[in-house]
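Note: the block below is structure27.csv and it holds CSV, C-alpha atoms.
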```
chain,number,residue,atom,x,y,z
A,1,LYS,CA,-11.3,-12.9,-15.0
A,2,LYS,CA,-8.5,-10.5,-15.7
A,3,LYS,CA,-9.8,-6.9,-16.4
A,4,PRO,CA,-8.2,-4.8,-19.1
A,5,PRO,CA,-6.4,-1.5,-18.2
A,6,LEU,CA,-8.5,1.7,-18.6
A,7,ILE,CA,-5.7,3.5,-20.4
A,8,ASN,CA,-3.6,2.6,-23.4
A,9,PHE,CA,-0.6,4.3,-25.0
A,10,ASP,CA,-0.3,5.7,-28.5
A,11,LYS,CA,2.7,5.1,-30.7
A,12,LYS,CA,4.5,8.3,-29.8
A,13,GLU,CA,4.2,7.6,-26.1
A,14,LEU,CA,5.5,4.0,-26.5
A,15,GLU,CA,8.5,5.3,-28.5
A,16,HIS,CA,9.3,7.8,-25.8
A,17,ALA,CA,8.9,5.2,-23.1
A,18,LYS,CA,11.3,2.8,-25.0
A,19,LYS,CA,14.0,5.5,-25.1
A,20,ILE,CA,13.7,6.1,-21.3
A,21,CYS,CA,13.8,2.3,-20.7
A,22,GLU,CA,17.1,2.2,-22.7
A,23,ILE,CA,18.5,5.0,-20.4
A,24,PHE,CA,17.5,3.0,-17.3
A,25,LYS,CA,18.7,-0.3,-18.9
A,26,ILE,CA,15.2,-1.8,-18.7
A,27,LYS,CA,14.7,-4.5,-21.3
A,28,GLU,CA,11.4,-5.5,-22.9
A,29,ASN,CA,11.3,-8.9,-21.2
A,30,ASP,CA,12.5,-7.7,-17.7
A,31,LYS,CA,10.3,-8.5,-14.7
A,32,ILE,CA,9.3,-5.4,-12.9
A,33,ILE,CA,8.0,-4.4,-9.5
A,34,CYS,CA,7.0,-0.8,-8.8
A,35,ALA,CA,7.4,0.6,-5.3
A,36,ALA,CA,6.4,3.9,-3.6
A,37,ALA,CA,6.4,5.3,-0.1
A,38,ARG,CA,4.4,8.4,0.9
A,39,THR,CA,6.7,11.1,2.3
A,40,SER,CA,6.2,14.7,3.5
A,41,LYS,CA,7.2,15.9,0.1
A,42,TYR,CA,3.6,15.1,-0.9
A,43,LYS,CA,1.9,18.5,-1.0
A,44,LYS,CA,5.2,19.9,0.5
A,45,GLU,CA,4.0,19.1,4.0
A,46,ASN,CA,6.0,20.5,6.9
A,47,PHE,CA,4.8,17.8,9.3
A,48,ILE,CA,4.8,14.0,9.5
A,49,SER,CA,1.6,12.3,8.3
A,50,PRO,CA,0.3,9.0,9.8
A,51,GLY,CA,0.2,7.7,6.2
A,52,ASN,CA,3.9,8.3,5.6
A,53,GLY,CA,6.4,5.4,5.1
A,54,ASP,CA,10.1,5.0,4.7
A,55,ILE,CA,11.4,3.6,1.5
A,56,LEU,CA,14.5,2.2,3.3
A,57,THR,CA,12.2,-0.3,5.1
A,58,TYR,CA,11.6,-1.9,1.7
A,59,LEU,CA,15.3,-2.6,1.0
A,60,SER,CA,15.2,-6.2,2.3
A,61,ALA,CA,12.2,-6.9,0.1
A,62,PHE,CA,14.0,-5.3,-2.9
A,63,GLU,CA,17.0,-7.6,-2.3
A,64,PHE,CA,14.7,-10.6,-2.3
A,65,LEU,CA,13.0,-9.5,-5.5
A,66,ILE,CA,16.3,-8.8,-7.3
A,67,LYS,CA,17.5,-12.3,-6.3
A,68,ASN,CA,14.4,-13.5,-8.1
A,69,ASN,CA,15.3,-11.7,-11.3
A,70,TYR,CA,13.2,-8.6,-10.8
A,71,LYS,CA,14.0,-5.0,-11.4
A,72,VAL,CA,12.5,-2.5,-8.9
A,73,ILE,CA,11.3,0.9,-10.1
A,74,LEU,CA,11.0,3.6,-7.5
A,75,MET,CA,7.9,5.7,-8.0
A,76,GLY,CA,6.4,8.8,-6.3
A,77,ASP,CA,8.2,11.9,-5.0
A,78,PRO,CA,12.0,12.0,-4.9
A,79,TYR,CA,13.6,10.2,-1.9
A,80,ASP,CA,16.4,12.0,-0.1
A,81,ASN,CA,17.6,9.1,2.0
A,82,LEU,CA,18.6,6.5,-0.7
A,83,PRO,CA,22.0,5.0,-0.1
A,84,GLU,CA,24.7,5.8,-2.6
A,85,ASP,CA,25.5,2.1,-3.2
A,86,LEU,CA,22.0,1.2,-4.2
A,87,ASP,CA,21.8,-1.9,-6.3
A,88,GLN,CA,21.8,-1.1,-10.0
A,89,ASN,CA,18.6,-3.2,-10.4
A,90,ILE,CA,16.7,-0.6,-8.2
A,91,ILE,CA,15.8,2.1,-10.8
A,92,LYS,CA,15.7,5.6,-9.2
A,93,TYR,CA,13.0,6.8,-11.6
A,94,SER,CA,11.4,8.9,-8.8
A,95,ASN,CA,14.6,10.9,-8.5
A,96,SER,CA,15.2,11.3,-12.2
A,97,GLU,CA,14.7,14.2,-14.6
A,98,TYR,CA,12.6,11.9,-16.8
A,99,LYS,CA,9.7,11.5,-14.4
A,100,ASN,CA,6.3,12.6,-15.8
A,101,ASP,CA,2.7,11.5,-15.7
A,102,MET,CA,2.8,9.4,-18.8
A,103,LEU,CA,5.8,7.4,-17.6
A,104,ASP,CA,4.1,6.9,-14.2
A,105,PHE,CA,1.3,5.1,-16.0
A,106,TYR,CA,3.7,3.3,-18.4
A,107,PHE,CA,5.9,1.8,-15.7
A,108,VAL,CA,3.0,0.7,-13.6
A,109,SER,CA,1.5,-0.9,-16.6
A,110,ARG,CA,4.6,-3.0,-17.0
A,111,CYS,CA,4.9,-4.1,-13.3
A,112,ASP,CA,3.8,-7.5,-11.9
A,113,PHE,CA,2.6,-5.7,-8.8
A,114,LEU,CA,3.0,-2.4,-6.9
A,115,ILE,CA,4.3,-2.1,-3.3
A,116,GLN,CA,3.0,1.1,-1.8
A,117,THR,CA,1.7,3.1,1.1
A,118,VAL,CA,-1.6,4.8,0.5
A,119,SER,CA,-1.0,7.5,-2.1
A,120,GLY,CA,-2.0,8.6,-5.6
A,121,ILE,CA,0.2,6.0,-7.3
A,122,GLY,CA,-2.3,3.4,-6.1
A,123,GLU,CA,-5.0,5.0,-8.2
A,124,ILE,CA,-2.8,4.6,-11.2
A,125,ALA,CA,-2.4,0.9,-10.4
A,126,ALA,CA,-6.1,0.6,-10.0
A,127,MET,CA,-6.7,2.1,-13.5
A,128,MET,CA,-4.1,-0.1,-15.0
A,129,LYS,CA,-5.6,-3.2,-13.2
A,130,LYS,CA,-2.3,-4.0,-11.4
A,131,PRO,CA,-2.2,-5.9,-8.1
A,132,ARG,CA,-1.2,-3.9,-5.1
A,133,LEU,CA,0.5,-4.7,-1.8
A,134,ILE,CA,-0.4,-1.8,0.5
A,135,VAL,CA,1.9,-1.5,3.6
A,136,ASN,CA,1.8,0.9,6.5
A,137,PHE,CA,-1.9,1.3,6.0
A,138,TRP,CA,-3.3,3.8,8.5
A,139,MET,CA,-6.7,3.1,10.1
A,140,LEU,CA,-8.4,0.1,8.5
A,141,GLU,CA,-11.8,1.8,8.5
A,142,ASN,CA,-10.5,3.7,5.4
A,143,LEU,CA,-10.9,0.4,3.5
A,144,ILE,CA,-14.6,1.1,3.1
A,145,THR,CA,-13.6,3.4,0.2
A,146,PHE,CA,-11.5,0.8,-1.6
A,147,GLU,CA,-12.3,-1.3,-4.6
A,148,GLU,CA,-11.2,-4.8,-3.6
A,149,TYR,CA,-10.2,-5.9,-7.1
A,150,CYS,CA,-6.4,-5.8,-7.4
A,151,VAL,CA,-5.8,-5.3,-3.7
A,152,PRO,CA,-5.1,-8.8,-2.3
A,153,LEU,CA,-3.0,-7.8,0.7
A,154,ILE,CA,-3.0,-4.8,3.1
A,155,MET,CA,-0.7,-4.6,6.1
A,156,PRO,CA,-1.8,-2.0,8.7
A,157,LYS,CA,0.3,0.1,11.1
A,158,LYS,CA,0.0,-0.7,14.8
A,159,LEU,CA,-1.2,1.7,17.4
A,160,MET,CA,0.3,1.7,20.9
A,161,SER,CA,-1.1,3.3,24.0
A,162,LEU,CA,1.6,5.5,25.6
A,163,LYS,CA,0.0,5.0,29.0
A,164,THR,CA,-0.2,1.2,29.1
A,165,LYS,CA,2.5,0.5,26.5
A,166,LYS,CA,0.1,-2.0,24.9
A,167,MET,CA,-1.0,-2.3,21.3
A,168,VAL,CA,-4.6,-1.3,20.5
A,169,HIS,CA,-6.8,-4.1,19.1
A,170,TYR,CA,-7.6,-3.3,15.4
A,171,LEU,CA,-11.3,-3.6,16.2
A,172,ASP,CA,-11.0,-0.9,18.8
A,173,GLN,CA,-9.1,1.6,16.7
A,174,PRO,CA,-12.2,2.9,14.8
A,175,LYS,CA,-13.6,4.0,18.2
A,176,LEU,CA,-10.7,6.4,18.6
A,177,ASP,CA,-11.8,8.6,15.7
A,178,PHE,CA,-8.2,9.0,14.3
A,179,THR,CA,-9.2,8.5,10.7
A,180,VAL,CA,-9.3,12.3,10.0
A,181,ILE,CA,-6.1,13.2,11.9
A,182,GLY,CA,-3.5,14.3,9.4
A,183,MET,CA,-0.6,14.8,11.7
A,184,SER,CA,1.3,12.1,13.7
A,185,LYS,CA,2.0,14.5,16.5
A,186,LYS,CA,-1.8,14.9,17.0
A,187,VAL,CA,-2.0,11.1,17.6
A,188,ASN,CA,0.9,11.4,20.1
A,189,GLU,CA,-1.0,14.3,21.9
A,190,LYS,CA,-4.0,12.0,22.3
A,191,GLY,CA,-1.7,9.5,24.1
A,192,TYR,CA,-0.8,7.0,21.3
A,193,GLU,CA,2.1,6.2,19.2
A,194,ILE,CA,2.0,4.9,15.6
A,195,ILE,CA,4.1,1.9,14.9
A,196,ASP,CA,5.2,1.4,11.3
A,197,ASN,CA,5.7,-2.0,9.6
A,198,THR,CA,9.2,-3.4,10.0
A,199,PRO,CA,11.5,-4.4,7.1
A,200,GLU,CA,11.0,-8.0,8.1
A,201,GLU,CA,7.2,-7.7,8.0
A,202,ILE,CA,7.4,-6.0,4.6
A,203,LEU,CA,9.7,-8.7,3.3
A,204,ALA,CA,7.4,-11.4,4.4
A,205,ALA,CA,4.4,-9.6,2.8
A,206,VAL,CA,6.3,-9.2,-0.5
A,207,LYS,CA,7.2,-12.9,-0.5
A,208,GLU,CA,3.5,-13.7,-0.1
A,209,MET,CA,2.7,-11.4,-3.0
A,210,THR,CA,5.1,-13.3,-5.2
A,211,GLU,CA,3.4,-16.5,-4.2
A,212,LEU,CA,0.0,-15.0,-5.2
A,213,ARG,CA,1.5,-14.0,-8.5
A,214,SER,CA,2.6,-17.6,-9.1
A,215,SER,CA,-0.9,-18.8,-8.4
A,216,GLY,CA,-2.4,-16.2,-10.8
A,217,TYR,CA,-3.5,-13.8,-8.0
A,218,SER,CA,-6.4,-16.0,-6.9
A,219,TYR,CA,-8.7,-13.5,-5.2
A,220,SER,CA,-10.4,-15.9,-2.8
A,221,THR,CA,-12.5,-15.0,0.2
A,222,ASN,CA,-10.9,-13.7,3.4
A,223,LYS,CA,-13.1,-15.8,5.6
A,224,ASN,CA,-10.1,-17.8,7.0
A,225,GLN,CA,-9.2,-14.6,8.8
A,226,LYS,CA,-11.8,-14.2,11.6
A,227,PHE,CA,-11.1,-10.5,12.0
A,228,TRP,CA,-12.9,-9.5,8.8
A,229,SER,CA,-16.3,-10.8,9.8
A,230,GLU,CA,-16.1,-8.8,13.0
A,231,PHE,CA,-14.8,-5.7,11.1
A,232,ASN,CA,-17.6,-5.8,8.6
A,233,LYS,CA,-20.2,-5.9,11.5
A,234,ILE,CA,-18.9,-2.5,12.6
A,235,PHE,CA,-19.7,-0.9,9.2
A,236,SER,CA,-22.9,-2.8,8.4
A,237,ASN,CA,-24.6,-1.8,11.6
A,238,LYS,CA,-27.9,-0.1,10.9
A,239,ASP,CA,-27.1,2.5,13.6
A,240,ASP,CA,-25.6,5.8,12.6
A,241,ILE,CA,-21.8,6.0,12.5
A,242,PHE,CA,-19.9,8.9,14.0
A,243,PHE,CA,-16.6,10.2,12.7
A,244,SER,CA,-15.2,13.5,14.1
A,245,ASN,CA,-18.4,14.0,16.0
A,246,LYS,CA,-20.3,14.1,12.7
A,247,LYS,CA,-23.1,11.6,12.0
A,248,ILE,CA,-22.7,9.5,8.9
A,249,LYS,CA,-25.8,7.6,7.8
A,250,HIS,CA,-25.2,3.9,7.3
A,251,TYR,CA,-24.4,3.5,3.6
A,252,ILE,CA,-21.9,0.7,3.8
A,253,CYS,CA,-23.2,-2.7,2.7
A,254,SER,CA,-22.8,-5.8,4.7
A,255,ASP,CA,-19.6,-7.8,4.1
A,256,ARG,CA,-18.1,-4.9,2.4
A,257,ILE,CA,-14.6,-6.3,2.7
A,258,ASN,CA,-14.6,-9.9,1.7
A,259,LYS,CA,-11.5,-10.4,-0.4
A,260,ILE,CA,-8.7,-8.2,1.0
A,261,LYS,CA,-6.5,-10.0,3.4
A,262,ILE,CA,-3.9,-9.2,6.0
A,263,PRO,CA,-0.5,-10.8,5.1
A,264,ARG,CA,-0.4,-14.3,6.6
A,265,ILE,CA,2.7,-14.0,8.8
A,266,PHE,CA,1.7,-10.5,10.1
A,267,TYR,CA,-1.8,-11.8,10.9
A,268,ASN,CA,-0.6,-14.9,12.8
A,269,GLU,CA,2.2,-13.1,14.7
A,270,ASN,CA,-0.3,-10.4,15.8
A,271,ILE,CA,-3.4,-12.5,16.1
A,272,SER,CA,-4.2,-11.1,19.6
A,273,LEU,CA,-4.7,-7.7,17.9
A,274,PHE,CA,-7.0,-9.1,15.3
A,275,GLU,CA,-9.1,-11.8,17.1
```
Entire entry expressed as C-alpha cells:
Amino acid sequence: KKKPPLINFDKKELEHAKKICEIFKIKENDKIICAAARTSKYKKENFISPGNGDILTYLSAFEFLIKNNYKVILMGDPYDNLPEDLDQNIIKYSNSEYKNDMLDFYFVSRCDFLIQTVSGIGEIAAMMKKPRLIVNFWMLENLITFEEYCVPLIMPKKLMSLKTKKMVHYLDQPKLDFTVIGMSKKVNEKGYEIIDNTPEEILAAVKEMTELRSSGYSYSTNKNQKFWSEFNKIFSNKDDIFFSNKKIKHYICSDRINKIKIPRIFYNENISLFE
C-alpha cells in the first residue's frame, strides 16, 4: 500500500514552486527524476570521502531517461564539473540561485524516483515516500540503519586489496572496520582502494528502476539473492559486534534486510563477490 508523504505544501509555497517551474520550463505533466551525488562541498570538506560520487557517471543514465520522456532535476550541492552543452532536459537546479529547502522538498515530491549517493537528500525522499536508487553505497553494514520502504535497489562500491589486486568479498568487508572511516586516503593507507560504480553499471540500475516503476514498485522479498541471508546472519548473531574496537550489543533483529536488493545485472556480473 502506498504511504502518503509526511509533508504537504501550502498555497503560497505551491504558487512559488509554479513560478520556478516556469523558469526551468518544467510543465505540470512532465515526468521527473531527481538525481544527486555527494561531493566534498558537503560540509566544505577538504578531503575525499568514501561516500562521494561523480555526477558525470550518471550522464548515460540521464540520456536513457530523456529518451524515455523524462526531465532530470539535479539536486544537492552545486556541481563544478558539468559540461557546458548539457541537455536542456537536465535541469541544473542544484547550481541555481533559486535553490532552497522548500523547493528541495517540492521537486522530490514530484519525481518518480531519486538517484542518489548516501546524503541528506535521501531523507527528504524518505519523508516524501519516494523510491530511491542508491548508487556508490559505501559499506553495506550501514544498511542496518535504513528503513527498507522506498529503497528497492542499492548498488555498493567495490573494495580492492592493493596487495593482491583482488576485490574483497562483500561479506568480508564488515570485518575490516571501515564503516567509520571518513576519508578515502585512510582506506588507501590500510592497503585498499575504493572502486566507484561505472556509468554502465549506473545505467543498468536506472533501467531496472524504470522497470520497477512500470510494475508499481513491487517490494518483493530479496530471497532470490543468496547474499542477503548470509549478510543478515552477521548482524543477527547473538554475540557482541565490534566496530572501531568498541563493543556494540546485539540489537539488530534477524532478517533485518529482507526487501532491499542489489541491481540484477550488477549482482550477476559480480556474483563471486556476493556468494
Could you please determine the separation between CA of Thr198 in chain A and CA of Asn232 in chain A in Å, to one decimal place? 26.9 Å
Do you have the CA of Lys92 in chain A-CA of Tyr79 in chain A distance handy?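 According to the coordinates, CA of Lys92 in chain A and CA of Tyr79 in chain A are separated by 8.9 Å.
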Tell me which protein, DNA and RNA residues are within 8 Å of Tyr58 in chain A, counting all atoms listed in the file, leaving out same-chain ones fewer than 3 positions away, and put them as a VMD selection string. chain A and resid 54 to 55 61 to 62 199 202 to 203
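The space separating CA of Leu114 in chain A from CA of Leu133 in chain A comes to 6.1 Å.
Taking only C-alpha atoms into account, Glu97 in chain A lies nearest to A:Ile23 out of the set A:Ala35, A:Ile23, A:Met167, A:Leu143.
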Please determine, counting only C-alpha atoms, which residue among A:Lys166, A:Ala126, A:Asn46, A:Ile90 has the shortest atom-to-atom distance to Ile66 in chain A. A:Ile90
Find the residues around Asn68 in chain A up to 12 Å (all atoms listed in the file counted), leave out those fewer than 2 positions away in its own chain, and share them as an MDAnalysis selection string. chainID A and resid 30:33 61:66 70:72 89 206:207 210
Show me, as a list in words, the residues that have an atom within 12 Å of Ser96 in chain A when counting all atoms listed in the file, minus same-chain residues fewer than 4 positions from it.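 Final neighbour list, sorted by chain and number: Ile20, Ile23, Phe24, Ile73, Leu74, Met75, Gly76, Asp77, Pro78, Tyr79, Ile91, Lys92, Asn100 and Leu103 of chain A.
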Please determine, counting all atoms listed in the file, which residue among A:Gln173, A:Phe266, A:Gln116, A:Ile26 has the shortest atom-to-atom distance to Glu200 in chain A. A:Phe266
When you look at range 144-150 of chain A with a cut-off of 8 Å (counting all atoms listed in the file), what residues show up, excluding the ones that are within fewer than 3 positions of it in the same chain? I need them as a VMD selection string. chain A and resid 126 129 to 132 141 219 252 256 to 257 259 to 260
Counting all atoms listed in the file, the option among A:Lys157, A:Lys41, A:His16, A:Lys27 closest to Tyr106 in chain A: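 Closest candidate: A:His16.
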